[in-house]
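Enquirer: Before I ask anything, here is the structure I am working with.
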Amino acid sequence: MATVQTTTLTDRKAIISGLNDEQRSAVETTEGPLLIVAGAGSGKTSVMTRRIAHLMNRGDDVDPWNILAITFTNRAAREMNERVEQLVGEAASDMWICTFHSMCVKILRREAERIGYQNNFSILDADDQVSTVKQSMLDLNYDLKKFDPAVVQWKISAAKNELLTPREWKRAGRKSLIDSVAATVYTEYQAKLVSSNAMDFDDLIFRTVDLFLTHPDVLKLYQQKFRYIHVDEYQDTNRAQYKLVRLLSDRHRNLCVVGDSDQAIYRWRGADISNIVNFERDYPEAVVIKLEQNYRSTGTILDAANAVIQNNSQRKDKRLWSAKGEGEKLAIYAALDQSDEAVYVIAKVQEHVANGGQFSDCTVLYRANAQSRAIEEAFLQAAMPYRIIGGMTFYDRREIKDVMAYLKALANPQDEISLLRICNVPKRGIGEGTIRRLLDFAHENELTLLEAMGRAQEAGLVGGAAETVQNFHTLIQGLHDMQEGMSVTDLLQQTLTRTGYRDMLETSHKEEDQNRLENIRELSTVTRSFDRRRRGALADFLAETSLLFDTDKETGKTDNAVRMMTMHASKGLEFPVVFMIGVEETLLPHARSLDTIEGVEEERNLCYVAITRAREKLHLTYCAERSLFGQCQLNDPSRFLSEIPPALTERSGADLQVQIRWGVGLSVRHPQFGVGVVTDLAGSGDDLELTITFSSRHGTKLVKPKLTRLRVIDGQ
DNA sequence: ACTTGCCGCATTTTT
DNA sequence: TGCGGCAAGT
């Protein structure tokens with residue numbers, strides 16, 4: 001069966017060329033469980049892809065379809081696919097190199113009937129999830145002010161990540177009020193999903209595990225198929241994903257996981273670090289290989305990263321090193337405020353470009369999306385090309401969601417959630433009351449919402465309302481019936497025209513609606529490319545797009561612009577020049593992570609991830625004064641900054657205030673009281689208190705420099 | 001049924 | 001500071 005090997009790499013030498021000893025041994029240790037502890041930038045993707053090539057090349061009976069490689073992001077999956085293809089050619093297309101979620105969709109599409117679903121099931125996006133939870137809570141007469149649907153949704157998601165059914169969740173342990181509410185809502189929510197023939201992201205994993213547990217024959221099939229299993233970013237797996245991997249690998253036990261617990265930054269999302277920590281306990285025969293040589297960053301950057309991460313407790317000792325040489329020192333800039341911070345970034349980017357660099361070499365990393373605004377404004381003003389990665393994405397846009405909801409409703413007529421979203425968009429006069437009546441009628445008679453709409457009069461609707469609903473039903477039914485044999489692009493066009501959606505935007509005079517039209521046009525280029533690749537299968541198109549984040553597309557572009565993204569979004573990427581902005585207490589570490597040690601340590605991991613993105617030069621900035629949500633804050637520099645050995649850094653900036661020697665006679669400017677002169681000193685350190693005489697209007701005040709933004713006036 | 005205005009709130013978010 | 005959700009008004 002080894003005839004499929006159209007391998008472009010023919011011998012072992014080529015596969016292992018350029019690898020260090022550890023990497024080579026990771027590539028060649030193919031049998032049994034293997035844990036690769038891969039530090040940042042240690043070439044793990046290279047190791048994974050070559051390992052797969054090696055398996056193909058061994059000359060025994062391993063077939064491409066015996067290979068499974070699971071990643072978390074589409075970007076990682078695509079990258080790995082490309083690189084494997086370069087190594088083994090055509091054979092790559094028979095391997096499963098995909099994300100957890102797309103793997104589960106593939107399996108569930110085949111086996112849906114076995115677990116009470118149809119194979120055209122819908123997939124809810126994050127928004128659908130919250131609105132469905134909300135709907136469930138309304139049905140159960142919960143006060144939405146007392147219990148936040150988003151929190152309830154969060155809890156349900158957490159339960160699913162732990163593979164807990166509503167009943168088990170209810171039973172499990174001590175519960176606060178919101179937990180018991182969530183448990184009740186969970187039941188209702190799940191019933192809604194099932195009757196809509198829909199799954200949320202968490203279900204994709206959960207249901208697959210469920211399928212395997214209840215259908216040993218199916219499990220056996222996949223266990224036999226996947227002889228060699230690889231899991232990337234293993235530190236980010238949650239309980240459900242762990243179970244899934246365990247089940248799949250149970251037969252051959254050729255499980256290779258790659259991860260780095262120092263880069264675990266998704267615990268708040270259910271990622272369970274003990275999965276990687278306990279790997280050796282789960283698989284006593286496991287081989288562990290550490291990759292500590294970093295091929296990305298300068299020695300200085302790595303020293304800083306090592307120094308910071310060392311402050312975390314309970315980590316396995318690991319020390320990244322580089323053969324790249326020392327490189328430049330880290331630049332730490334103390335800004336006065338956000339605009340000063342932005343000006344610094346702009347100046348340094350311009351400097352880099354003036355020295356022959358590209359804008360696209362530079363990336364600005366921040367902790368929270370809200371921070372991007374100040375930088376963005378400054379970039380606009382300075383006419384600096386930039387591109388924001390993440391944040392509001394293409395598929396988050398309302399018009400895209402609306403249109404996708406139409407398509408979802410056409411692919412899966414049971415999809416109540418999508419139908420509810422679009423039945424009155426554009427406005428047709430189908431309001432709250434009408435919907436209520438239809439839903440009640442549907443439930444009483446065990447009909448889907450769409451079916452109920454087809455019997456508007458029976459449902460008790462009268463006159464205009466009945467007619468509108470009936471018309472809507474005819475509209476959807478008509479579109480549904482025509483989809484057979486039609487390309488997704490054509491169906492999209494028909495939908496836009498017949499539903500009046502396009503018309504609604506075209507006749508609008510609002511500028512944002514023109515943008516929306518533009519976005520919809522963009523969507524049809526997406527459908528066209530899908531149609532070119534694969535004909536028909538609307539459900540496949542929908543699954544593909546709902547599992548695909550816009551960020552994935554963006555990073556593929558090579559336009560010459562400064563990138564801006566959150567530190568989370570930067571994981572797995574690398575850039576020659578990195579700016580970490582807002583390296584302040586309450587931002588990094590974030591105020592909401594301060595109450596637990598684990599919280600702070602995860603923030604430190606995030607800091608470590610951000611630092612290790614930089615190849616050549618790293619800038620860290622913080623502001624003495626930051627206005628957030630219109631309020632002025634005085635933040636201390638991040639504790640993580642003080643964990644970096646001073647010898648590795650070069651400080652600059654306005655605020656060297658900590659070192660200012662306060663003395664009588666010094667002239668200062670106070671943000672409220674204006675210019676004044678220090679007339680007395682009391683206390684020391686953080687408690688230092690100055691007596692300052694301002695203009696006669698304000699008189700003499702006691703001021704703590706620690707708490708107030710004072711500027712020393714030069715030339716005095 | 002739809003529009004307007006006010007209040008409150010505001011991490012990170014691979015899928 | 002700016003957006004989204006909700007309640008009162010047309």
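The way I read the labels, and the way they are meant: chains A, B, ... in the order of the structure tokens, residue 1 as the first residue of every chain, and ligand 1 as the first ligand shown, with later ones counted on from there.
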With a distance cut-off of 12 Å and only C-alpha atoms (C1' of nucleotides), select the neighbouring residues of C:DA8, excluding the residue or stretch itself and same-chain residues fewer than 5 positions from it, and output the selection as a compact mmCIF listing (two decimals) with C-alpha atoms (C1' of nucleotides), in the first residue's frame.
Expert:
```
# COMPACT_ATOMS: atom_id res chain seq x y z
C1' DT B 3 -37.52 54.47 17.14
C1' DT B 4 -35.28 57.11 20.47
C1' DG B 5 -32.65 58.10 24.37
C1' DC B 6 -30.55 56.98 28.58
```
Enquirer: Enumerate as a VMD selection string the residues belonging to chain B that approach chain A to within 10 Å, with only C-alpha atoms (C1' of nucleotides) taken into account.
Expert: chain B and resid 1 to 2 10 to 15
Enquirer: Give me, as a ChimeraX atom specification, the residues of stretch 195-337 of chain A that a backbone DSSP run labels alpha helix (DSSP H).
Expert: /A:195,201-214,216-225,239-249,274-277,279-282,299-309
Enquirer: Would you save the residues of that selection, restricted to C-alpha atoms, as a PDB file, in the first residue's frame?
Expert:
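To be explicit, this is the file written out as again_33.pdb:
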```
ATOM      1  CA  SER A 195     -34.354  20.430  18.338  1.00  0.00           C
ATOM      2  CA  PHE A 201     -18.277  24.737  19.520  1.00  0.00           C
ATOM      3  CA  ASP A 202     -18.061  22.816  22.762  1.00  0.00           C
ATOM      4  CA  ASP A 203     -20.583  20.262  21.551  1.00  0.00           C
ATOM      5  CA  LEU A 204     -18.385  19.399  18.609  1.00  0.00           C
ATOM      6  CA  ILE A 205     -15.866  17.929  21.004  1.00  0.00           C
ATOM      7  CA  PHE A 206     -18.323  16.677  23.586  1.00  0.00           C
ATOM      8  CA  ARG A 207     -20.564  14.909  21.056  1.00  0.00           C
ATOM      9  CA  THR A 208     -17.611  13.255  19.408  1.00  0.00           C
ATOM     10  CA  VAL A 209     -16.449  11.865  22.735  1.00  0.00           C
ATOM     11  CA  ASP A 210     -20.008  10.852  23.406  1.00  0.00           C
ATOM     12  CA  LEU A 211     -20.222   9.141  20.026  1.00  0.00           C
ATOM     13  CA  PHE A 212     -17.078   7.175  20.758  1.00  0.00           C
ATOM     14  CA  LEU A 213     -18.228   6.152  24.210  1.00  0.00           C
ATOM     15  CA  THR A 214     -21.648   5.006  23.099  1.00  0.00           C
ATOM     16  CA  PRO A 216     -17.435   1.318  20.408  1.00  0.00           C
ATOM     17  CA  ASP A 217     -17.536   0.122  16.815  1.00  0.00           C
ATOM     18  CA  VAL A 218     -17.133   3.686  15.552  1.00  0.00           C
ATOM     19  CA  LEU A 219     -14.371   4.347  18.028  1.00  0.00           C
ATOM     20  CA  LYS A 220     -12.600   1.199  16.954  1.00  0.00           C
ATOM     21  CA  LEU A 221     -12.725   2.304  13.357  1.00  0.00           C
ATOM     22  CA  TYR A 222     -10.983   5.591  14.077  1.00  0.00           C
ATOM     23  CA  GLN A 223      -8.584   4.001  16.515  1.00  0.00           C
ATOM     24  CA  GLN A 224      -7.477   1.642  13.797  1.00  0.00           C
ATOM     25  CA  LYS A 225      -7.273   4.353  11.219  1.00  0.00           C
ATOM     26  CA  ARG A 239     -10.684  17.991  29.683  1.00  0.00           C
ATOM     27  CA  ALA A 240     -12.888  17.083  26.727  1.00  0.00           C
ATOM     28  CA  GLN A 241     -10.076  17.341  24.230  1.00  0.00           C
ATOM     29  CA  TYR A 242      -7.864  15.305  26.502  1.00  0.00           C
ATOM     30  CA  LYS A 243     -10.450  12.568  26.660  1.00  0.00           C
ATOM     31  CA  LEU A 244     -10.885  12.635  22.915  1.00  0.00           C
ATOM     32  CA  VAL A 245      -7.175  12.229  22.331  1.00  0.00           C
ATOM     33  CA  ARG A 246      -6.974   9.480  24.901  1.00  0.00           C
ATOM     34  CA  LEU A 247      -9.742   7.527  23.293  1.00  0.00           C
ATOM     35  CA  LEU A 248      -8.309   7.848  19.827  1.00  0.00           C
ATOM     36  CA  SER A 249      -4.800   6.881  20.807  1.00  0.00           C
ATOM     37  CA  SER A 274      -2.415  19.154  34.223  1.00  0.00           C
ATOM     38  CA  ASN A 275      -2.943  17.410  30.899  1.00  0.00           C
ATOM     39  CA  ILE A 276       0.639  18.153  29.965  1.00  0.00           C
ATOM     40  CA  VAL A 277       2.013  18.047  33.490  1.00  0.00           C
ATOM     41  CA  PHE A 279       1.457  13.165  30.648  1.00  0.00           C
ATOM     42  CA  GLU A 280       4.209  11.043  32.075  1.00  0.00           C
ATOM     43  CA  ARG A 281       1.850   9.709  34.704  1.00  0.00           C
ATOM     44  CA  ASP A 282      -0.832   8.926  32.121  1.00  0.00           C
ATOM     45  CA  GLY A 299      20.368  35.948  23.497  1.00  0.00           C
ATOM     46  CA  THR A 300      19.378  39.117  25.293  1.00  0.00           C
ATOM     47  CA  ILE A 301      15.709  38.657  24.542  1.00  0.00           C
ATOM     48  CA  LEU A 302      15.873  35.048  25.716  1.00  0.00           C
ATOM     49  CA  ASP A 303      17.715  35.989  28.889  1.00  0.00           C
ATOM     50  CA  ALA A 304      14.977  38.444  29.672  1.00  0.00           C
ATOM     51  CA  ALA A 305      12.282  35.868  28.929  1.00  0.00           C
ATOM     52  CA  ASN A 306      14.005  33.261  31.083  1.00  0.00           C
ATOM     53  CA  ALA A 307      14.430  35.717  33.927  1.00  0.00           C
ATOM     54  CA  VAL A 308      10.757  36.613  33.932  1.00  0.00           C
ATOM     55  CA  ILE A 309       9.356  33.105  33.633  1.00  0.00           C
TER      56      ILE A 309
END
```
Enquirer: Stretch 20-29 of chain A: which residues within 12 Å, counting only C-alpha atoms (C1' of nucleotides), same-chain residues fewer than 5 positions away excluded, as a ChimeraX atom specification?
Expert: /A:12-15,34-38,42-58,228,230,254-258,286-295
Enquirer: Identify every residue of chain C that has at least one atom within 12 Å of any atom of chain A, counting only C-alpha atoms (C1' of nucleotides), and report the result as a list in words.
Expert: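 Therefore, the residues near the partner are DT1, DG2, DC3, DG5 and DC6 of chain C.
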Enquirer: Generate a file of the selected residues that holds N, CA, C and O atoms (P, O5', C5', C4', C3', O3' and C1' of nucleotides), formatted as a PDB file, in the first residue's frame.
Expert:
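And here is the file that came out, selection_21.pdb:
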```
ATOM      1  P    DT C   1     -14.957  62.288  27.327  1.00  0.00           P
ATOM      2  O5'  DT C   1     -14.565  61.004  26.476  1.00  0.00           O
ATOM      3  C5'  DT C   1     -13.291  60.466  26.381  1.00  0.00           C
ATOM      4  C4'  DT C   1     -13.472  59.101  25.729  1.00  0.00           C
ATOM      5  C3'  DT C   1     -14.675  59.058  24.792  1.00  0.00           C
ATOM      6  O3'  DT C   1     -14.184  58.668  23.513  1.00  0.00           O
ATOM      7  C1'  DT C   1     -14.797  57.312  26.443  1.00  0.00           C
ATOM      8  P    DG C   2     -15.102  58.317  22.315  1.00  0.00           P
ATOM      9  O5'  DG C   2     -15.405  56.780  22.638  1.00  0.00           O
ATOM     10  C5'  DG C   2     -15.357  55.793  21.624  1.00  0.00           C
ATOM     11  C4'  DG C   2     -16.371  54.734  21.922  1.00  0.00           C
ATOM     12  C3'  DG C   2     -17.675  54.881  21.128  1.00  0.00           C
ATOM     13  O3'  DG C   2     -17.999  53.605  20.610  1.00  0.00           O
ATOM     14  C1'  DG C   2     -18.172  54.613  23.377  1.00  0.00           C
ATOM     15  P    DC C   3     -18.760  53.465  19.250  1.00  0.00           P
ATOM     16  O5'  DC C   3     -19.286  51.963  19.304  1.00  0.00           O
ATOM     17  C5'  DC C   3     -18.591  50.980  20.072  1.00  0.00           C
ATOM     18  C4'  DC C   3     -19.530  50.320  21.052  1.00  0.00           C
ATOM     19  C3'  DC C   3     -20.889  49.925  20.464  1.00  0.00           C
ATOM     20  O3'  DC C   3     -20.998  48.517  20.474  1.00  0.00           O
ATOM     21  C1'  DC C   3     -21.120  50.921  22.618  1.00  0.00           C
ATOM     22  P    DG C   5     -26.384  43.919  22.900  1.00  0.00           P
ATOM     23  O5'  DG C   5     -27.320  43.972  24.184  1.00  0.00           O
ATOM     24  C5'  DG C   5     -26.760  44.261  25.474  1.00  0.00           C
ATOM     25  C4'  DG C   5     -27.830  44.821  26.381  1.00  0.00           C
ATOM     26  C3'  DG C   5     -29.252  44.349  26.070  1.00  0.00           C
ATOM     27  O3'  DG C   5     -29.930  44.124  27.293  1.00  0.00           O
ATOM     28  C1'  DG C   5     -29.183  46.697  25.971  1.00  0.00           C
ATOM     29  P    DC C   6     -31.358  43.465  27.303  1.00  0.00           P
ATOM     30  O5'  DC C   6     -32.286  44.650  27.848  1.00  0.00           O
ATOM     31  C5'  DC C   6     -32.016  45.230  29.125  1.00  0.00           C
ATOM     32  C4'  DC C   6     -32.807  46.507  29.255  1.00  0.00           C
ATOM     33  C3'  DC C   6     -34.321  46.317  29.075  1.00  0.00           C
ATOM     34  O3'  DC C   6     -34.990  46.959  30.146  1.00  0.00           O
ATOM     35  C1'  DC C   6     -33.526  48.043  27.655  1.00  0.00           C
TER      36       DC C   6
END
```
Enquirer: Just the residues within 8 Å of A:Leu407, please, counting only C-alpha atoms (C1' of nucleotides), with nothing from its chain fewer than 5 positions along; format it as a compact mmCIF listing (two decimals) with N, CA and C atoms, in the first residue's frame.
Expert:
```
# COMPACT_ATOMS: atom_id res chain seq x y z
N LEU A 492 -26.41 32.49 -2.57
CA LEU A 492 -26.21 33.73 -1.81
C LEU A 492 -26.84 34.91 -2.55
N LEU A 538 -23.69 23.11 0.79
CA LEU A 538 -23.85 24.34 1.57
C LEU A 538 -23.42 24.13 3.02
N LEU A 542 -20.74 26.28 5.30
CA LEU A 542 -21.09 26.91 6.57
C LEU A 542 -20.19 26.43 7.69
```
Enquirer: Name the residues in contact with A:Ala198 at a cut-off of 7 Å, using only C-alpha atoms (C1' of nucleotides), excluding same-chain residues fewer than 6 positions from it; report them as a list in words.
Expert: Phe121, Ser122, Ile123, Leu124 and Asp415 of chain A
Enquirer: Go ahead and save the residues from that selection, with all heavy atoms, as a PDB file, in the first residue's frame.
Expert:
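Now in again15.pdb:
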```pdb
ATOM      1  N   PHE A 121     -26.298  19.459  10.377  1.00  0.00           N
ATOM      2  CA  PHE A 121     -26.422  20.260  11.607  1.00  0.00           C
ATOM      3  C   PHE A 121     -25.737  21.619  11.491  1.00  0.00           C
ATOM      4  O   PHE A 121     -24.744  21.772  10.788  1.00  0.00           O
ATOM      5  CB  PHE A 121     -25.871  19.493  12.817  1.00  0.00           C
ATOM      6  CG  PHE A 121     -24.421  19.105  12.719  1.00  0.00           C
ATOM      7  CD1 PHE A 121     -23.421  20.005  13.048  1.00  0.00           C
ATOM      8  CD2 PHE A 121     -24.057  17.811  12.323  1.00  0.00           C
ATOM      9  CE1 PHE A 121     -22.083  19.642  12.979  1.00  0.00           C
ATOM     10  CE2 PHE A 121     -22.727  17.443  12.244  1.00  0.00           C
ATOM     11  CZ  PHE A 121     -21.738  18.363  12.563  1.00  0.00           C
ATOM     12  N   SER A 122     -26.298  22.599  12.176  1.00  0.00           N
ATOM     13  CA  SER A 122     -25.706  23.949  12.197  1.00  0.00           C
ATOM     14  C   SER A 122     -24.689  24.050  13.313  1.00  0.00           C
ATOM     15  O   SER A 122     -24.746  23.295  14.288  1.00  0.00           O
ATOM     16  CB  SER A 122     -26.776  25.005  12.455  1.00  0.00           C
ATOM     17  OG  SER A 122     -27.806  24.924  11.516  1.00  0.00           O
ATOM     18  N   ILE A 123     -23.790  25.003  13.159  1.00  0.00           N
ATOM     19  CA  ILE A 123     -22.825  25.283  14.221  1.00  0.00           C
ATOM     20  C   ILE A 123     -23.037  26.703  14.698  1.00  0.00           C
ATOM     21  O   ILE A 123     -23.012  27.645  13.906  1.00  0.00           O
ATOM     22  CB  ILE A 123     -21.390  25.091  13.715  1.00  0.00           C
ATOM     23  CG1 ILE A 123     -21.194  23.650  13.243  1.00  0.00           C
ATOM     24  CG2 ILE A 123     -20.381  25.439  14.810  1.00  0.00           C
ATOM     25  CD1 ILE A 123     -19.916  23.416  12.470  1.00  0.00           C
ATOM     26  N   LEU A 124     -23.264  26.847  16.001  1.00  0.00           N
ATOM     27  CA  LEU A 124     -23.512  28.172  16.557  1.00  0.00           C
ATOM     28  C   LEU A 124     -22.218  28.935  16.733  1.00  0.00           C
ATOM     29  O   LEU A 124     -21.231  28.365  17.189  1.00  0.00           O
ATOM     30  CB  LEU A 124     -24.163  28.050  17.944  1.00  0.00           C
ATOM     31  CG  LEU A 124     -25.670  27.874  18.030  1.00  0.00           C
ATOM     32  CD1 LEU A 124     -26.052  26.499  17.549  1.00  0.00           C
ATOM     33  CD2 LEU A 124     -26.128  28.097  19.455  1.00  0.00           C
ATOM     34  N   ASP A 415     -33.176  24.910  12.033  1.00  0.00           N
ATOM     35  CA  ASP A 415     -32.368  25.870  12.783  1.00  0.00           C
ATOM     36  C   ASP A 415     -33.181  27.076  13.240  1.00  0.00           C
ATOM     37  O   ASP A 415     -33.287  28.091  12.567  1.00  0.00           O
ATOM     38  CB  ASP A 415     -31.186  26.315  11.905  1.00  0.00           C
ATOM     39  CG  ASP A 415     -30.175  27.143  12.676  1.00  0.00           C
ATOM     40  OD1 ASP A 415     -30.537  27.702  13.736  1.00  0.00           O
ATOM     41  OD2 ASP A 415     -29.022  27.230  12.237  1.00  0.00           O
TER      42      ASP A 415
END
```
